[in-house]
Amino acid sequence: MDIKTIAPDLSVSPQITPQDVGVAAGQGFRAVIINRPDGETSDQPGQREIAEAARRHGLEVRYVPVVPGNVTDADVEAFARAMRDLPAPALAFCRSGTRSATLWALSQAGHLSTDAILKTTRAAGYDLEGLRARLDARDKAAAGETGPVKSHDVVIIGGGAAGVSTAASILRRRKGVDIAIIEPRTEHYYQPGWTLVGGGVFKREQTERQMASLIPKGVQWVRAACAGFAPERNQVILEDGERVGYKVLVVAPGLKLDWDAIDGLKETLGRNGVTSNYLFDMASYTWELVQSLKGGRALFTQPPMPIKCAGAPQKAMYLACDAWRRRGVLKDIEVAFHNAGGALFGVKDYVPALMEYVERYGIDLCFNETLVAVDGPARTAYFDVKDGDGRVSRQARAFDMLHVCPPQTSLDFVKASPLANDAGWVDVDGETLQHTKYGNVFGLGDAGSTPNAKTAAAVRKQAPVAAHNVLCALDGKAPNAVYNGYGSCPLTVERGKIVLAEFAYGGKLDPTFPRWALDGTKPSRAAWFLKEKMLPGIYFNQMLRGDETLARPKLLPHRPAAHEAQEACDFSGTPSKAA
């Protein structure tokens with residue numbers, strides 16, 4: 001097989017046999033596009049034979065036959081549609097590979113320059129200079145519809161922990177990569193610190209930095225909001241309608257705190273004793289309420305999963321209880337934890353230590369209770385309570401203080417996009433973070449579909465994986481860095497002690513330190529020191545700068561692939577620095 005890599009999501013070759021299909025599957029291809037019509041020669045395998053072999057090996061297949069010397073616009077659109085529909089990477093073939101390369105070239109006109117397209121195909125062994133006039137015409141037609149499109153090697157959606165860390169890790173590996181971060185905000189927040197603001201340990205100013213000071217040097221900051229995606233054209237769409245092109249896309253915009261999902265909450269948030277550590281402006285109000293409360297009822301809520309940092313709702317509760325205990329008023333305060341789920345914490349190894357504090361503080365655990373409405377002036381919260389038979393009843397609870405963790409969903413522009421799964425999250429492979437359909441798209445952080453805890457600690461392990469695999473995609477290689485689902489939740493059970501929960505996929509314990517040095521299943525002062533004194537610096541000075549100490553990704557051996565034997569090239573045809 002003489003396979004030539006054209007782009008991260010496509011390689012082309014001359015005629016293949018049914019036996020070659022198995023080889024292609026072993027090299028990591030996930031789809032086959034047949035561009036040669038049946039019957040061109042007597043010894044040519046039929047498209048049905050190829051399709052049957054592809055299906056036996058788990059590959060999807062599309063028949064887009066093209067007559068030699070007559071590649072029509074309809075053929076180009078059919079090919080582009082196949083590229084959109086099929087999982088990547090795909091292998092397209094005809095008699096020599098020229099028709100397949102031609103279809104790709106014409107499908108790219110409008111978001112890659114004619115020179116870049118021709119240079120890329122020439123590097124793969126296909127001189128398509130004769131297409132220049134047609135490529136220029138298609139490029140002008142597309143520009144007339146959408147205006148000129150500026151393109152980058154890598155476009156990153158989101159300037160939060162995931163986006164900035166990934167950009168920094170890419171540049172640590174390869175200087176000079178053309179990266180753009182699309183982010184409208186001018187401030188960047190260290191959100192894990194808001195728990196300590198609500199506990200009177202940090203000032204909220206300690207958790208804020210100017211975005212401009214954190215964007216890695218050499219990265220273009222596009223101060224705009226993303227409104228949508230056009231992955232079939234390798235473009236993102238901004239709120240003003242402008243389009244930005246990419247070779248590889250990284251989607252890391254975070255998630256949506258859905259305050260509107262709880263009736264009456266937005267109107268009373270920040271007054272009437274209603275607060276939340278999930279907002280920069282509100283965490284300090286939590287501490288004000290804790291300091292002023294001398295008696296009555298304090299309610300803490302947790303919505304259905306997934307949420308950012310599943311332990312955060314109870315962290316706020318433990319720190320408040322500890323402060324009340326120190327002041328001698330805890331005995332006069334009725335504390336209840338209303339959890340929409342059925343367990344205190346998702347990883348059972350940490351529950352015994354947490355239960356000791358639940359009992360010490362006299363907390364009433366109310367499982368299967370979901371906050372649905374708040375009447376602030378009346379200081380009443382309403383819960384949908386599910387009983388053992390699955391019946392749901394609406395119940396009211398009076399409060400003097402209410403700490404709310406809001407329901408959380410995917411952002412609207414992600415949910416409505418072709419990148420989303422049925423639940424609205426960016427649909428990525430749980431190990432490589434590569435999109436399941438578009439091979440030059442990656443997703444990480446809170447927006448991703450990976451079934452891990454949505455924490456900054458998870459991002460610290462995901463960003464190096466994404467960075468490595470983005471460069472693999474730029475070089476036309478299969479991604480081989482893997483993420484094991486690591487997440488961490490430093491559970492602040494009292495001021496000065498933390499239960500350091502660290503776990504991977506399936507709830508498997510995944511501690512950073514040996515147990516003799518720090519046993520995360522037990523509360524410790526060492527874990528508190530790590531949280532209070534070390535983690536902010538690690539976040540701002542290491543993680544966001546691309547320093548991967550204790551976070552280097554695991555690399556699997558690259559599967560031997562014929563299309564990787566040639567010199568690795570980027571989209572412009574220039575040999576990559578990694579080659």
# chains A, B, ... in the order shown; residues from 1 in each chain; ligands from 1
$ residues_around --residues "Ser151 (chain A)" --least-positions-apart "4" --cutoff "12 Å" --atoms "only C-alpha atoms" --output "list in words"
Gly110, His111, Leu112, Ser113, Ala116, Val155, Asp178, Ile179, Ala180, Gln220, Arg233, Asn234, Gln235, Val236, Glu242, Arg243, Val244, Gly245, Tyr246, Lys247, Val248, Leu249, Phe571 and Ser572 of chain A
$ write_last_selection --atoms "N, CA and C atoms" --output "mmCIF file, in the first residue's frame"
data_model
loop_
_atom_site.group_PDB
_atom_site.id
_atom_site.type_symbol
_atom_site.label_atom_id
_atom_site.label_comp_id
_atom_site.auth_asym_id
_atom_site.auth_seq_id
_atom_site.Cartn_x
_atom_site.Cartn_y
_atom_site.Cartn_z
ATOM 1 N N GLY A 110 -11.326 27.972 -0.169
ATOM 2 C CA GLY A 110 -12.221 28.848 0.596
ATOM 3 C C GLY A 110 -11.792 29.001 2.026
ATOM 4 N N HIS A 111 -11.042 28.033 2.551
ATOM 5 C CA HIS A 111 -10.514 28.222 3.906
ATOM 6 C C HIS A 111 -9.047 27.852 4.025
ATOM 7 N N LEU A 112 -8.438 27.300 2.968
ATOM 8 C CA LEU A 112 -6.984 27.226 2.849
ATOM 9 C C LEU A 112 -6.619 27.927 1.545
ATOM 10 N N SER A 113 -5.486 28.603 1.521
ATOM 11 C CA SER A 113 -5.083 29.306 0.307
ATOM 12 C C SER A 113 -4.748 28.302 -0.791
ATOM 13 N N ALA A 116 -1.225 26.998 -0.404
ATOM 14 C CA ALA A 116 -1.087 26.005 0.665
ATOM 15 C C ALA A 116 -1.640 24.647 0.226
ATOM 16 N N VAL A 155 -6.365 26.593 16.682
ATOM 17 C CA VAL A 155 -7.297 27.545 17.307
ATOM 18 C C VAL A 155 -7.827 26.896 18.581
ATOM 19 N N ASP A 178 1.661 28.366 15.165
ATOM 20 C CA ASP A 178 0.733 29.508 15.068
ATOM 21 C C ASP A 178 -0.556 29.159 15.815
ATOM 22 N N ILE A 179 -0.729 29.754 17.003
ATOM 23 C CA ILE A 179 -1.866 29.444 17.874
ATOM 24 C C ILE A 179 -2.686 30.700 18.120
ATOM 25 N N ALA A 180 -3.987 30.566 18.088
ATOM 26 C CA ALA A 180 -4.897 31.648 18.482
ATOM 27 C C ALA A 180 -5.833 31.130 19.569
ATOM 28 N N GLN A 220 -1.760 34.415 19.656
ATOM 29 C CA GLN A 220 -2.663 35.525 19.351
ATOM 30 C C GLN A 220 -3.941 35.390 20.174
ATOM 31 N N ARG A 233 -15.633 22.905 7.215
ATOM 32 C CA ARG A 233 -14.775 23.899 6.560
ATOM 33 C C ARG A 233 -13.564 24.257 7.416
ATOM 34 N N ASN A 234 -13.379 23.540 8.527
ATOM 35 C CA ASN A 234 -12.277 23.840 9.452
ATOM 36 C C ASN A 234 -12.312 25.300 9.897
ATOM 37 N N GLN A 235 -13.495 25.721 10.344
ATOM 38 C CA GLN A 235 -13.671 27.104 10.765
ATOM 39 C C GLN A 235 -14.504 27.175 12.039
ATOM 40 N N VAL A 236 -14.255 28.224 12.827
ATOM 41 C CA VAL A 236 -15.130 28.576 13.931
ATOM 42 C C VAL A 236 -15.788 29.902 13.584
ATOM 43 N N GLU A 242 -17.780 36.819 11.953
ATOM 44 C CA GLU A 242 -16.441 36.563 11.408
ATOM 45 C C GLU A 242 -16.083 35.092 11.599
ATOM 46 N N ARG A 243 -15.311 34.582 10.646
ATOM 47 C CA ARG A 243 -14.876 33.185 10.721
ATOM 48 C C ARG A 243 -13.363 33.123 10.881
ATOM 49 N N VAL A 244 -12.904 32.131 11.627
ATOM 50 C CA VAL A 244 -11.483 31.901 11.836
ATOM 51 C C VAL A 244 -11.194 30.455 11.450
ATOM 52 N N GLY A 245 -10.208 30.261 10.583
ATOM 53 C CA GLY A 245 -9.872 28.925 10.127
ATOM 54 C C GLY A 245 -8.817 28.264 10.997
ATOM 55 N N TYR A 246 -8.741 26.962 10.905
ATOM 56 C CA TYR A 246 -7.760 26.216 11.700
ATOM 57 C C TYR A 246 -7.344 24.955 10.959
ATOM 58 N N LYS A 247 -6.165 24.456 11.343
ATOM 59 C CA LYS A 247 -5.760 23.118 10.947
ATOM 60 C C LYS A 247 -6.184 22.120 12.022
ATOM 61 N N VAL A 248 -6.003 22.530 13.279
ATOM 62 C CA VAL A 248 -6.454 21.721 14.414
ATOM 63 C C VAL A 248 -7.201 22.635 15.375
ATOM 64 N N LEU A 249 -8.302 22.153 15.889
ATOM 65 C CA LEU A 249 -9.140 22.917 16.817
ATOM 66 C C LEU A 249 -9.133 22.266 18.188
ATOM 67 N N PHE A 571 0.178 21.180 7.058
ATOM 68 C CA PHE A 571 -0.783 21.391 5.986
ATOM 69 C C PHE A 571 -0.206 22.173 4.818
ATOM 70 N N SER A 572 0.786 23.006 5.071
ATOM 71 C CA SER A 572 1.370 23.788 3.986
ATOM 72 C C SER A 572 2.393 22.983 3.213
#
$ residues_around --residues "region 399-409 of chain A" --least-positions-apart "2" --cutoff "6 Å" --atoms "only C-alpha atoms" --output "list in words"
Lys256, Leu257, Asp258, Trp259, Gly273, Val274, Thr275, Ser276, Gly296, Arg297, Ala298, Leu299, Phe300, Thr301, Gln302, Pro303, Ile307, Arg379 and Thr380 of chain A
$ closest_atom_pairs --of "region 85-171 of chain A" --to "region 42-58 of chain A" --cutoff "12 Å" --atoms "only C-alpha atoms" --output "tab-separated table"
residue	atom	partner	partner_atom	distance
A:Pro87	CA	A:Gly58	CA	11.3
A:Ala90	CA	A:Ala54	CA	11.6
A:Leu91	CA	A:Ala54	CA	11.0
A:Ala92	CA	A:Ile50	CA	11.8
A:Phe93	CA	A:Ile50	CA	11.0
A:Cys94	CA	A:Gln44	CA	10.5
A:Arg95	CA	A:Gln44	CA	9.1
$ write_last_selection --atoms "N, CA and C atoms" --output "PDB file, in the first residue's frame"
ATOM      1  N   PRO A  87     -16.074   9.007  10.483  1.00  0.00           N
ATOM      2  CA  PRO A  87     -15.069   9.220  11.535  1.00  0.00           C
ATOM      3  C   PRO A  87     -13.675   9.354  10.923  1.00  0.00           C
ATOM      4  N   ALA A  90      -9.666   9.112   7.663  1.00  0.00           N
ATOM      5  CA  ALA A  90     -10.236   8.333   6.565  1.00  0.00           C
ATOM      6  C   ALA A  90      -9.162   8.085   5.509  1.00  0.00           C
ATOM      7  N   LEU A  91      -9.306   6.986   4.780  1.00  0.00           N
ATOM      8  CA  LEU A  91      -8.437   6.651   3.655  1.00  0.00           C
ATOM      9  C   LEU A  91      -9.283   6.689   2.387  1.00  0.00           C
ATOM     10  N   ALA A  92      -8.908   7.585   1.453  1.00  0.00           N
ATOM     11  CA  ALA A  92      -9.612   7.678   0.173  1.00  0.00           C
ATOM     12  C   ALA A  92      -8.711   7.110  -0.923  1.00  0.00           C
ATOM     13  N   PHE A  93      -9.309   6.421  -1.898  1.00  0.00           N
ATOM     14  CA  PHE A  93      -8.494   5.856  -2.971  1.00  0.00           C
ATOM     15  C   PHE A  93      -9.232   5.903  -4.301  1.00  0.00           C
ATOM     16  N   CYS A  94      -8.418   5.884  -5.373  1.00  0.00           N
ATOM     17  CA  CYS A  94      -8.928   5.715  -6.728  1.00  0.00           C
ATOM     18  C   CYS A  94      -7.902   4.852  -7.465  1.00  0.00           C
ATOM     19  N   ARG A  95      -7.709   5.033  -8.760  1.00  0.00           N
ATOM     20  CA  ARG A  95      -6.728   4.193  -9.455  1.00  0.00           C
ATOM     21  C   ARG A  95      -5.307   4.528  -9.004  1.00  0.00           C
TER      22      ARG A  95
END
$ residues_around --residues "Ile117 (chain A)" --least-positions-apart "2" --cutoff "12 Å" --atoms "only C-alpha atoms" --output "PDB file with C-alpha atoms, in the first residue's frame"
ATOM      1  CA  ILE A   6      -2.760  14.783   3.075  1.00  0.00           C
ATOM      2  CA  ALA A   7      -4.221  16.123   6.326  1.00  0.00           C
ATOM      3  CA  ALA A 101      -6.270  14.211  -3.804  1.00  0.00           C
ATOM      4  CA  THR A 102      -8.111  16.436  -6.293  1.00  0.00           C
ATOM      5  CA  LEU A 103     -11.399  16.085  -4.418  1.00  0.00           C
ATOM      6  CA  TRP A 104      -9.683  17.020  -1.159  1.00  0.00           C
ATOM      7  CA  ALA A 105      -7.961  20.020  -2.752  1.00  0.00           C
ATOM      8  CA  LEU A 106     -11.188  21.409  -4.223  1.00  0.00           C
ATOM      9  CA  SER A 107     -13.061  20.807  -0.955  1.00  0.00           C
ATOM     10  CA  GLN A 108     -10.499  22.949   0.907  1.00  0.00           C
ATOM     11  CA  ALA A 109     -10.751  25.982  -1.382  1.00  0.00           C
ATOM     12  CA  GLY A 110     -12.221  28.848   0.596  1.00  0.00           C
ATOM     13  CA  HIS A 111     -10.514  28.222   3.906  1.00  0.00           C
ATOM     14  CA  LEU A 112      -6.984  27.226   2.849  1.00  0.00           C
ATOM     15  CA  SER A 113      -5.083  29.306   0.307  1.00  0.00           C
ATOM     16  CA  THR A 114      -4.508  27.912  -3.163  1.00  0.00           C
ATOM     17  CA  ASP A 115      -0.752  27.935  -2.592  1.00  0.00           C
ATOM     18  CA  LYS A 119       2.034  22.721  -1.731  1.00  0.00           C
ATOM     19  CA  THR A 120       0.413  20.124   0.515  1.00  0.00           C
ATOM     20  CA  THR A 121      -0.685  17.848  -2.337  1.00  0.00           C
ATOM     21  CA  ARG A 122       2.709  18.259  -4.060  1.00  0.00           C
ATOM     22  CA  ALA A 123       4.473  17.134  -0.875  1.00  0.00           C
ATOM     23  CA  ALA A 124       2.294  14.016  -0.910  1.00  0.00           C
ATOM     24  CA  TYR A 126       0.399  14.760  -6.397  1.00  0.00           C
ATOM     25  CA  ASP A 127       1.174  17.782  -8.586  1.00  0.00           C
ATOM     26  CA  LEU A 128      -2.196  19.489  -9.067  1.00  0.00           C
ATOM     27  CA  GLU A 129      -0.920  22.789 -10.487  1.00  0.00           C
ATOM     28  CA  LEU A 131      -6.188  23.022 -10.700  1.00  0.00           C
ATOM     29  CA  ARG A 132      -4.905  26.487  -9.758  1.00  0.00           C
ATOM     30  CA  LEU A 135      -9.072  26.579  -6.876  1.00  0.00           C
ATOM     31  CA  ASP A 136      -8.737  30.367  -7.172  1.00  0.00           C
ATOM     32  CA  ASP A 139     -11.679  30.553  -3.174  1.00  0.00           C
ATOM     33  CA  ASP A 570       2.130  20.130   8.065  1.00  0.00           C
ATOM     34  CA  PHE A 571      -0.783  21.391   5.986  1.00  0.00           C
ATOM     35  CA  SER A 572       1.370  23.788   3.986  1.00  0.00           C
ATOM     36  CA  GLY A 573       3.656  20.913   3.028  1.00  0.00           C
ATOM     37  CA  THR A 574       6.539  22.191   5.136  1.00  0.00           C
TER      38      THR A 574
END
$ select_by_dssp --residues "region 199-301 of chain A" --states "strand (DSSP E or B)" --output "PyMOL selection string"
chain A and resi 208-210+220-222+226-230+235-238+243-251+256-257+263+274-275+296-301
$ closest_residue --among "A:Leu86, A:His152, A:Phe280, A:Ala501" --to "Phe202 (chain A)" --atoms "only C-alpha atoms"
A:Phe280
$ select_by_dssp --residues "region 189-438 of chain A" --states "alpha helix (DSSP H)" --output "ChimeraX atom specification"
/A:194-198,265-268,283-292,312-327,351-361,412-415
$ closest_residue --among "A:Gly376, A:Gly390, A:Gly439, A:Gly270" --to "Ala31 (chain A)" --atoms "only C-alpha atoms"
A:Gly439
$ closest_residue --among "A:Ser213, A:Thr432, A:Asn368, A:Thr492" --to "Gly198 (chain A)" --atoms "only C-alpha atoms"
A:Thr492
$ atom_distance --atom1 "CA of Ala481 (chain A)" --atom2 "CA of Phe540 (chain A)"
24.0 Å
$ residues_around --residues "Asp384 (chain A)" --least-positions-apart "6" --cutoff "7 Å" --atoms "only C-alpha atoms" --output "ChimeraX atom specification"
/A:369-372,392-395
$ write_last_selection --atoms "N, CA and C atoms" --output "JSON list (two decimals), in the first residue's frame"
[["chain", "number", "residue", "atom", "x", "y", "z"],
["A", 369, "GLU", "N", -32.58, 14.79, 47.07],
["A", 369, "GLU", "CA", -33.35, 16.02, 47.21],
["A", 369, "GLU", "C", -32.73, 17.09, 46.32],
["A", 370, "THR", "N", -33.51, 17.59, 45.38],
["A", 370, "THR", "CA", -33.03, 18.54, 44.39],
["A", 370, "THR", "C", -33.67, 19.90, 44.59],
["A", 371, "LEU", "N", -32.84, 20.93, 44.77],
["A", 371, "LEU", "CA", -33.35, 22.29, 44.92],
["A", 371, "LEU", "C", -33.97, 22.75, 43.61],
["A", 372, "VAL", "N", -35.22, 23.22, 43.67],
["A", 372, "VAL", "CA", -35.92, 23.64, 42.45],
["A", 372, "VAL", "C", -36.40, 25.08, 42.50],
["A", 392, "VAL", "N", -41.89, 11.42, 43.59],
["A", 392, "VAL", "CA", -41.30, 12.73, 43.87],
["A", 392, "VAL", "C", -42.35, 13.64, 44.48],
["A", 393, "SER", "N", -41.98, 14.29, 45.57],
["A", 393, "SER", "CA", -42.88, 15.26, 46.21],
["A", 393, "SER", "C", -42.13, 16.57, 46.41],
["A", 394, "ARG", "N", -42.83, 17.68, 46.39],
["A", 394, "ARG", "CA", -42.25, 19.00, 46.60],
["A", 394, "ARG", "C", -42.32, 19.35, 48.09],
["A", 395, "GLN", "N", -41.17, 19.68, 48.69],
["A", 395, "GLN", "CA", -41.12, 20.00, 50.12],
["A", 395, "GLN", "C", -40.41, 21.31, 50.35]]
$ residues_around --residues "Gly485 (chain A)" --least-positions-apart "4" --cutoff "9 Å" --atoms "only C-alpha atoms" --output "list of chain:residue names"
A:Gly430, A:Glu431, A:Thr450, A:Pro451, A:Asn452, A:Ala453, A:Ala458, A:Lys461, A:Gln462, A:Phe503, A:Ala504, A:Tyr505, A:Gly506
$ atom_distance --atom1 "CA of Ala373 (chain A)" --atom2 "CA of His338 (chain A)"
13.2 Å
$ atom_distance --atom1 "CA of Asn35 (chain A)" --atom2 "CA of Lys437 (chain A)"
20.6 Å
$ residues_around --residues "Ile215 (chain A)" --least-positions-apart "4" --cutoff "7 Å" --atoms "only C-alpha atoms" --output "list in words"
Val164, Met211 and Val219 of chain A
$ closest_residue --among "A:Asp332, A:Asp519, A:Glu77, A:Asp446" --to "Gly160 (chain A)" --atoms "only C-alpha atoms"
A:Asp446
